[in-house]
Structures are given as structure tokens and as C-alpha cells.
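Source file: model-v2.txt (compact mmCIF, C-alpha atoms)
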# COMPACT_ATOMS: atom_id res chain seq x y z
CA MET V 51 19.35 -47.21 27.29
CA THR V 52 15.66 -46.26 27.26
CA LYS V 53 16.49 -42.98 28.96
CA HIS V 54 19.10 -42.24 26.22
CA ARG V 55 16.56 -42.97 23.45
CA PHE V 56 14.00 -40.77 25.15
CA LEU V 57 16.47 -37.89 25.44
CA THR V 58 17.58 -38.35 21.82
CA GLY V 59 13.95 -38.38 20.67
CA LEU V 60 13.21 -35.32 22.76
CA ALA V 61 16.24 -33.49 21.31
CA VAL V 62 15.15 -34.35 17.75
CA ALA V 63 11.62 -33.14 18.51
CA VAL V 64 12.91 -29.87 19.96
CA VAL V 65 15.19 -29.26 16.97
CA SER V 66 12.38 -30.08 14.53
CA PHE V 67 9.97 -27.82 16.38
CA SER V 68 12.51 -24.99 16.46
CA SER V 69 13.15 -25.40 12.74
CA SER V 70 9.45 -25.28 11.95
CA ILE V 71 9.05 -22.13 14.05
CA SER V 72 11.98 -20.59 12.17
CA VAL V 73 10.44 -21.54 8.80
CA MET V 74 7.03 -20.23 9.86
CA GLY V 75 8.71 -17.03 10.98
CA GLN V 76 10.45 -16.79 7.64
CA ASP V 77 7.18 -17.35 5.77
CA SER V 78 5.50 -14.78 7.98
CA SER V 79 8.33 -12.32 7.32
CA LEU V 80 8.14 -12.86 3.56
CA ALA V 81 4.38 -12.49 3.65
CA SER V 82 4.73 -9.32 5.73
CA GLU V 83 7.28 -7.86 3.33
CA ALA V 84 5.08 -8.70 0.35
CA GLN V 85 2.03 -7.22 2.07
CA ALA V 86 3.96 -4.05 2.90
CA ALA V 87 5.04 -3.74 -0.75
CA VAL V 88 1.42 -4.14 -1.88
CA GLU V 89 0.22 -1.54 0.62
CA ASN V 90 2.86 0.91 -0.61
CA ALA V 91 1.82 0.27 -4.20
CA GLU V 92 -1.84 0.79 -3.26
CA THR V 93 -0.95 4.14 -1.75
CA GLN V 94 1.01 5.23 -4.82
CA VAL V 95 -1.75 4.11 -7.18
CA GLU V 96 -4.31 6.03 -5.13
CA VAL V 97 -2.13 9.17 -5.26
CA ALA V 98 -1.92 8.70 -9.04
CA ARG V 99 -5.70 8.25 -9.24
CA ILE V 100 -6.19 11.58 -7.44
CA ALA V 101 -3.63 13.20 -9.76
CA ILE V 102 -5.57 11.94 -12.78
CA GLU V 103 -8.73 13.62 -11.52
CA LYS V 104 -6.79 16.84 -11.06
CA GLY V 105 -5.23 16.39 -14.50
CA LYS V 106 -8.64 16.27 -16.16
CA GLU V 107 -9.36 19.74 -14.81
CA LEU V 108 -5.91 21.02 -15.77
CA ILE V 109 -6.14 19.83 -19.37
CA ALA V 110 -9.36 21.78 -19.79
CA ARG V 111 -7.45 24.96 -18.85
CA ILE V 112 -4.87 24.55 -21.65
CA PRO V 113 -5.88 26.34 -24.85
CA GLU V 114 -6.40 23.94 -27.76
CA ASP V 115 -4.14 26.04 -29.95
CA SER V 116 -1.27 25.94 -27.46
CA PRO V 117 2.04 25.05 -29.12
CA LEU V 118 2.63 22.66 -26.20
CA MET V 119 -0.53 20.63 -26.87
CA PRO V 120 1.39 17.93 -28.81
CA ASP V 121 3.69 17.54 -25.78
CA VAL V 122 0.67 17.29 -23.51
CA ALA V 123 -0.85 14.60 -25.73
CA GLN V 124 2.39 12.62 -25.70
CA VAL V 125 2.73 12.86 -21.92
CA ILE V 126 -0.90 11.88 -21.38
CA GLN V 127 -0.44 8.89 -23.70
CA ALA V 128 2.54 7.69 -21.64
CA ALA V 129 0.61 8.29 -18.42
CA SER V 130 -2.38 6.35 -19.74
CA GLU V 131 -0.25 3.35 -20.69
CA ASN V 132 1.53 3.36 -17.34
CA TRP V 133 -1.73 3.82 -15.45
CA GLN V 134 -3.13 0.63 -16.98
CA ILE V 135 0.09 -1.22 -16.20
CA ALA V 136 0.02 0.08 -12.61
CA VAL V 137 -3.56 -1.04 -12.03
CA ASP V 138 -3.00 -4.47 -13.59
CA SER V 139 0.21 -4.98 -11.64
CA LEU V 140 -1.40 -3.96 -8.37
CA ASN V 141 -4.15 -6.51 -8.98
CA GLY V 142 -1.51 -9.16 -9.74
CA ALA V 143 0.37 -8.27 -6.55
CA LYS V 144 -2.80 -8.60 -4.48
CA GLU V 145 -3.52 -12.00 -6.03
CA SER V 146 0.01 -13.20 -5.26
CA VAL V 147 -0.20 -12.04 -1.64
CA ALA V 148 -3.51 -13.85 -1.24
CA LYS V 149 -1.89 -17.09 -2.44
CA ILE V 150 1.09 -16.96 -0.06
CA GLY V 151 -0.83 -18.47 2.85
CA THR V 152 -2.39 -21.23 0.77
CA ALA V 153 0.79 -22.31 -1.01
CA SER V 154 1.54 -26.02 -0.93
CA ASN V 155 5.08 -25.54 0.37
CA GLU V 156 7.66 -22.97 1.42
CA SER V 157 9.20 -22.66 -2.05
CA VAL V 158 5.86 -21.86 -3.68
CA SER V 159 5.06 -19.42 -0.88
CA ASN V 160 8.40 -17.66 -1.42
CA ASP V 161 7.73 -17.44 -5.14
CA TYR V 162 4.31 -15.85 -4.56
CA ALA V 163 5.93 -13.37 -2.18
CA LEU V 164 8.56 -12.52 -4.79
CA LEU V 165 5.89 -12.08 -7.47
CA ALA V 166 3.91 -9.83 -5.14
CA LYS V 167 6.98 -7.66 -4.50
CA VAL V 168 7.98 -7.28 -8.14
CA ASN V 169 4.38 -6.67 -9.22
CA SER V 170 4.15 -4.00 -6.53
CA GLY V 171 7.30 -2.42 -7.92
CA VAL V 172 5.78 -2.30 -11.39
CA ALA V 173 2.60 -0.73 -9.99
CA THR V 174 4.59 1.86 -8.06
CA SER V 175 6.78 2.82 -11.01
CA GLY V 176 3.73 3.14 -13.26
CA ALA V 177 2.00 5.33 -10.69
CA ASN V 178 5.11 7.53 -10.50
CA VAL V 179 5.00 8.08 -14.26
CA VAL V 180 1.37 9.18 -13.96
CA GLN V 181 2.17 11.61 -11.16
CA ILE V 182 5.04 13.20 -13.08
CA ALA V 183 2.92 13.44 -16.23
CA ILE V 184 0.26 15.33 -14.33
CA SER V 185 2.94 17.65 -12.94
CA TYR V 186 3.92 18.40 -16.53
CA VAL V 187 0.32 19.16 -17.49
CA GLU V 188 -0.02 21.32 -14.38
CA ALA V 189 3.07 23.34 -15.28
CA ILE V 190 1.66 24.04 -18.74
CA ALA V 191 -1.83 24.84 -17.44
CA GLU V 192 -0.41 27.31 -14.93
CA ASN V 193 2.07 28.84 -17.39
CA LYS V 194 5.07 27.69 -15.39
CA THR V 195 6.98 26.71 -18.48
CA GLU V 196 10.34 27.42 -16.84
CA SER V 197 10.01 24.10 -15.00
CA LEU V 198 9.11 22.04 -18.06
CA GLU V 199 12.66 20.93 -18.84
CA ILE V 200 13.14 19.60 -15.31
CA ILE V 201 9.82 17.77 -15.46
CA ARG V 202 10.65 16.36 -18.93
CA THR V 203 13.90 14.98 -17.55
CA ALA V 204 12.10 13.50 -14.56
CA MET V 205 9.51 11.99 -16.92
CA GLN V 206 12.21 10.40 -19.10
CA ASP V 207 13.89 8.98 -16.00
CA ALA V 208 10.58 7.66 -14.67
CA LEU V 209 9.75 6.05 -18.01
CA ALA V 210 13.18 4.41 -18.16
CA THR V 211 12.80 3.17 -14.60
CA SER V 212 9.31 1.87 -15.28
CA SER V 213 10.55 0.04 -18.36
CA GLN V 214 13.42 -1.54 -16.40
CA VAL V 215 11.13 -2.59 -13.54
CA GLN V 216 8.72 -4.18 -16.04
CA PHE V 217 11.62 -5.98 -17.72
CA ASN V 218 12.79 -7.31 -14.34
CA TYR V 219 9.27 -8.44 -13.50
CA GLU V 220 9.04 -10.37 -16.77
CA ARG V 221 12.42 -11.98 -16.05
CA VAL V 222 11.35 -13.04 -12.56
CA LYS V 223 8.01 -14.32 -13.84
CA ASN V 224 9.72 -16.35 -16.58
CA LEU V 225 12.26 -17.80 -14.15
CA ILE V 226 9.51 -18.88 -11.78
CA ALA V 227 7.47 -20.34 -14.65
CA GLN V 228 10.53 -22.30 -15.85
CA LYS V 229 11.11 -23.56 -12.32
CA TYR V 230 7.67 -25.20 -12.23
CA SER V 231 7.53 -26.33 -15.86
CA ASN V 232 10.30 -28.89 -15.39

Render the structure in this file as C-alpha cells.
Amino acid sequence: MTKHRFLTGLAVAVVSFSSSISVMGQDSSLASEAQAAVENAETQVEVARIAIEKGKELIARIPEDSPLMPDVAQVIQAASENWQIAVDSLNGAKESVAKIGTASNESVSNDYALLAKVNSGVATSGANVVQIAISYVEAIAENKTESLEIIRTAMQDALATSSQVQFNYERVKNLIAQKYSN
């Protein structure tokens, strides 16, 4: 009888240990995925930052009396708004990743990982808008106006995507907030 209890106890311990390894592996995987998303967003934001520096030089090459100057102003305005969103979202993603390891339980850890991923998506989509906007400015500065329509279409698509990603982020954030407010 004692031998049976020992074996039962040992089996329960092995199953519990295996489950905790599986959960730790899951947490590690979620944290890794979230970290990878943040790193990708960091790369895209850095590429956008470099594009902005280039864009400053390009804008100076466009004559002030250019009939395309209103378009340039509109594109730069959209880029500026999306740049701020990208930077803020990247910071939010980094904060969420930092909290994954210190979360009080697996559910909270998963929620931080999810927030990090969606924030990274917002940062990436905002950075893409900036990059396309600078391509538009570059085309005007270099008198390659034949490509403007293609770039305008890409810009509209990028803005729509960015808007949708931001909407999804807000939805996820609200769902998580509701989860913990009850």
C-alpha cells in the first residue's frame, strides 16, 4: 500500500512538473514572439527615422512655388502624425515586453505579450506610412512625377492599414482592460 501511494505521488509530481515546464515554455514562447515583434518594430522605426532625415534634405530641393507643394504638405502632415504614433506605440510595446517576466500569473503575462505584439504592429504600420511619405517627397524632389500616382495609392493603402491596426489595438486594449475591471 505504501509503495502504491509513493508511486501515485511520484506520478502526480512528474505530471505537475511536466505541466509547469510546458507552461514555462509557453510563456517563454509568447515572450519570444513579443520580443521579436518589438525588435521588428524597432527596425522599421529606425528605417523611418533615417527616411525622415533624408526627407528634410529632399523638401529643401522642392521649389516653394511648386504646384505639388500642397500635396507635399498633406503627405508630410500624415507622416508626422504617424511618426508620433509609431514612436509612442514602440515605447508601449517595450514597456509591455518588460512586464511579461514580472507578471503575477500566466494570464497577465499573456495579456502583456498580446499588448506588446499589437503595439508593435501599430509602430510598424506608422513607420511604413512615414517611409512611403518620404518616397512621395523624393519623387517630387527628383522630378519623377510619373510615379506619383502609384505612391499616392500606396500611401492611401498604408494609411488605411495604419488606421485599421490602430483600431484593432484599441479593441484589444479595451478587451484586456474590461477583463481586469470586473

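You can rank V:Leu80, V:Ala177, V:Ser185, V:Arg221 by their closest distance to Ala136 of chain V using all atoms listed in the file, and at the top of that list sits V:Ala177.
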
Next on the checklist: So that I can check the surroundings of Ile102 of chain V, please list as a list in words every protein, DNA and RNA residue that reaches within 9 Å of it, counting all atoms listed in the file and ignoring chain neighbours fewer than 4 positions away.
Outcome noted: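 So the residues in contact are Val97, Ala98, Lys106, Glu107, Val180, Gln181 and Ile184 of chain V.
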
Store the residues picked out above, limited to C-alpha atoms, as a JSON list (two decimals), in the frame of the given file.
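Wrote part.json, looks like this:
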[["chain", "number", "residue", "atom", "x", "y", "z"],
["V", 97, "VAL", "CA", -2.13, 9.17, -5.26],
["V", 98, "ALA", "CA", -1.92, 8.70, -9.04],
["V", 106, "LYS", "CA", -8.64, 16.27, -16.16],
["V", 107, "GLU", "CA", -9.36, 19.74, -14.81],
["V", 180, "VAL", "CA", 1.37, 9.18, -13.96],
["V", 181, "GLN", "CA", 2.17, 11.61, -11.16],
["V", 184, "ILE", "CA", 0.26, 15.33, -14.33]]

Item to check | Point-to-point distance in Å for atom CA of Asn218 of chain V and atom CA of Ser79 of chain V | outcome: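 Computing the Euclidean distance for atom CA of Ser79 of chain V and atom CA of Asn218 of chain V yields 22.7 Å.
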
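Across the model, the gap from atom CA of Glu103 of chain V to atom CA of Asn193 of chain V is 19.6 Å.
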
Next on the checklist: Quick one: residues within 9 Å of Val137 of chain V, only C-alpha atoms, excluding same-chain residues fewer than 6 positions away - as a VMD selection string?
Outcome noted: chain V and resid 95 173 176 to 177

Item to check | Pairwise distance for atom CA of Ala191 of chain V and atom CA of Gln127 of chain V, rounded to one decimal in Å | outcome: 17.2 Å

Item to check | Counting all atoms listed in the file, the residue of V:Ala183, V:Ala128, V:Ile150, V:Leu225 that sits nearest Ser213 of chain V | outcome: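 Of V:Ala183, V:Ala128, V:Ile150, V:Leu225, the one nearest Ser213 of chain V is V:Ala128, counting all atoms listed in the file.
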
Next on the checklist: Please list as a VMD selection string every residue within 9 Å of Glu92 of chain V, counting all atoms listed in the file and excluding residues in the same chain fewer than 6 positions away.
Outcome noted: chain V and resid 140 170 173 to 174

Next on the checklist: Ranking V:Asp115, V:Glu131, V:Asp121, V:Glu156 by minimum distance to Ser212 of chain V and counting only C-alpha atoms, which one comes first?
Outcome noted: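 Among the listed residues, the smallest separation from Ser212 of chain V belongs to V:Glu131.
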
Item to check | Which residue of V:Tyr186, V:Ser139, V:Val147, V:Ala208 approaches Ile112 of chain V most closely, using only C-alpha atoms | outcome: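 Distance minimum relative to Ile112 of chain V lands on V:Tyr186.
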
Checklist entry - Which one of V:Ile182, V:Val172, V:Ala81, V:Ala189 sits closest to Ile135 of chain V if you count only C-alpha atoms? => result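 Smallest separation from Ile135 of chain V among the options: V:Val172.
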
Checklist entry - Using all atoms listed in the file, which residue out of V:Ser82, V:Lys194, V:Lys229, V:Ala91 lies closest to Gly142 of chain V? => result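 Ranked by minimum distance to Gly142 of chain V, first place goes to V:Ala91.
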
Next on the checklist: Residues near Ile109 of chain V, anyone? I mean within 10 Å using only C-alpha atoms, not counting same-chain ones fewer than 2 positions away, as a PyMOL selection string.
Outcome noted: chain V and resi 104-107+111-114+119+122-123+126+184+187-188+190-191

Checklist entry - What's the 8 Å shell around segment 159-161 of chain V, counting all atoms listed in the file, without same-chain residues fewer than 3 positions away, as a list of chain:residue names? => result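 Result of the neighbour search: V:Asp77, V:Leu80, V:Lys149, V:Ile150, V:Gly151, V:Thr152, V:Ala153, V:Ser154, V:Asn155, V:Glu156, V:Leu164, V:Leu165, V:Ile226.
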
Working from the structure I just supplied, which lacks atoms in segment 185-216 of chain V, can you model N, CA and C atoms there and output them as an mmCIF file, in the coordinates of the input?
data_model
loop_
_atom_site.group_PDB
_atom_site.id
_atom_site.type_symbol
_atom_site.label_atom_id
_atom_site.label_comp_id
_atom_site.auth_asym_id
_atom_site.auth_seq_id
_atom_site.Cartn_x
_atom_site.Cartn_y
_atom_site.Cartn_z
ATOM 1 N N SER V 185 2.146 16.464 -13.306
ATOM 2 C CA SER V 185 2.940 17.650 -12.940
ATOM 3 C C SER V 185 3.300 18.452 -14.192
ATOM 4 N N TYR V 186 3.595 17.750 -15.261
ATOM 5 C CA TYR V 186 3.920 18.400 -16.530
ATOM 6 C C TYR V 186 2.709 19.175 -17.051
ATOM 7 N N VAL V 187 1.561 18.511 -17.035
ATOM 8 C CA VAL V 187 0.320 19.160 -17.490
ATOM 9 C C VAL V 187 0.013 20.372 -16.607
ATOM 10 N N GLU V 188 0.227 20.222 -15.307
ATOM 11 C CA GLU V 188 -0.020 21.320 -14.380
ATOM 12 C C GLU V 188 0.884 22.516 -14.687
ATOM 13 N N ALA V 189 2.141 22.256 -14.958
ATOM 14 C CA ALA V 189 3.070 23.340 -15.280
ATOM 15 C C ALA V 189 2.624 24.100 -16.520
ATOM 16 N N ILE V 190 2.137 23.380 -17.514
ATOM 17 C CA ILE V 190 1.660 24.040 -18.740
ATOM 18 C C ILE V 190 0.373 24.809 -18.465
ATOM 19 N N ALA V 191 -0.543 24.194 -17.733
ATOM 20 C CA ALA V 191 -1.830 24.840 -17.440
ATOM 21 C C ALA V 191 -1.652 26.108 -16.629
ATOM 22 N N GLU V 192 -0.645 26.144 -15.787
ATOM 23 C CA GLU V 192 -0.410 27.310 -14.930
ATOM 24 C C GLU V 192 0.683 28.234 -15.483
ATOM 25 N N ASN V 193 1.056 28.026 -16.728
ATOM 26 C CA ASN V 193 2.070 28.840 -17.390
ATOM 27 C C ASN V 193 3.385 28.898 -16.619
ATOM 28 N N LYS V 194 3.784 27.790 -16.086
ATOM 29 C CA LYS V 194 5.070 27.690 -15.390
ATOM 30 C C LYS V 194 6.039 26.918 -16.283
ATOM 31 N N THR V 195 6.201 27.419 -17.475
ATOM 32 C CA THR V 195 6.980 26.710 -18.480
ATOM 33 C C THR V 195 8.469 26.656 -18.156
ATOM 34 N N GLU V 196 8.923 27.474 -17.213
ATOM 35 C CA GLU V 196 10.340 27.420 -16.840
ATOM 36 C C GLU V 196 10.704 26.095 -16.185
ATOM 37 N N SER V 197 9.727 25.385 -15.650
ATOM 38 C CA SER V 197 10.010 24.100 -15.000
ATOM 39 C C SER V 197 9.811 22.903 -15.922
ATOM 40 N N LEU V 198 9.409 23.143 -17.151
ATOM 41 C CA LEU V 198 9.110 22.040 -18.060
ATOM 42 C C LEU V 198 10.320 21.151 -18.351
ATOM 43 N N GLU V 199 11.468 21.736 -18.515
ATOM 44 C CA GLU V 199 12.660 20.930 -18.840
ATOM 45 C C GLU V 199 12.992 19.969 -17.694
ATOM 46 N N ILE V 200 12.875 20.453 -16.481
ATOM 47 C CA ILE V 200 13.140 19.600 -15.310
ATOM 48 C C ILE V 200 12.131 18.468 -15.257
ATOM 49 N N ILE V 201 10.872 18.800 -15.508
ATOM 50 C CA ILE V 201 9.820 17.770 -15.460
ATOM 51 C C ILE V 201 9.997 16.788 -16.605
ATOM 52 N N ARG V 202 10.388 17.274 -17.792
ATOM 53 C CA ARG V 202 10.650 16.360 -18.930
ATOM 54 C C ARG V 202 11.743 15.355 -18.575
ATOM 55 N N THR V 203 12.802 15.863 -17.953
ATOM 56 C CA THR V 203 13.900 14.980 -17.550
ATOM 57 C C THR V 203 13.426 13.958 -16.538
ATOM 58 N N ALA V 204 12.652 14.415 -15.567
ATOM 59 C CA ALA V 204 12.100 13.500 -14.560
ATOM 60 C C ALA V 204 11.188 12.460 -15.216
ATOM 61 N N MET V 205 10.416 12.897 -16.207
ATOM 62 C CA MET V 205 9.510 11.990 -16.920
ATOM 63 C C MET V 205 10.319 10.935 -17.689
ATOM 64 N N GLN V 206 11.378 11.360 -18.363
ATOM 65 C CA GLN V 206 12.210 10.400 -19.100
ATOM 66 C C GLN V 206 12.843 9.387 -18.141
ATOM 67 N N ASP V 207 13.311 9.872 -17.004
ATOM 68 C CA ASP V 207 13.890 8.980 -16.000
ATOM 69 C C ASP V 207 12.850 7.999 -15.463
ATOM 70 N N ALA V 208 11.653 8.514 -15.190
ATOM 71 C CA ALA V 208 10.580 7.660 -14.670
ATOM 72 C C ALA V 208 10.159 6.610 -15.695
ATOM 73 N N LEU V 209 10.092 7.012 -16.956
ATOM 74 C CA LEU V 209 9.750 6.050 -18.010
ATOM 75 C C LEU V 209 10.822 4.972 -18.150
ATOM 76 N N ALA V 210 12.081 5.377 -18.074
ATOM 77 C CA ALA V 210 13.180 4.410 -18.160
ATOM 78 C C ALA V 210 13.134 3.450 -16.963
ATOM 79 N N THR V 211 12.891 3.998 -15.794
ATOM 80 C CA THR V 211 12.800 3.170 -14.600
ATOM 81 C C THR V 211 11.631 2.204 -14.696
ATOM 82 N N SER V 212 10.501 2.716 -15.128
ATOM 83 C CA SER V 212 9.310 1.870 -15.280
ATOM 84 C C SER V 212 9.578 0.738 -16.265
ATOM 85 N N SER V 213 10.221 1.059 -17.355
ATOM 86 C CA SER V 213 10.550 0.040 -18.360
ATOM 87 C C SER V 213 11.482 -1.023 -17.776
ATOM 88 N N GLN V 214 12.476 -0.593 -17.013
ATOM 89 C CA GLN V 214 13.420 -1.540 -16.400
ATOM 90 C C GLN V 214 12.725 -2.414 -15.360
ATOM 91 N N VAL V 215 11.854 -1.824 -14.560
ATOM 92 C CA VAL V 215 11.130 -2.590 -13.540
ATOM 93 C C VAL V 215 10.221 -3.621 -14.223
ATOM 94 N N GLN V 216 9.570 -3.233 -15.302
ATOM 95 C CA GLN V 216 8.720 -4.180 -16.040
ATOM 96 C C GLN V 216 9.554 -5.306 -16.629
#
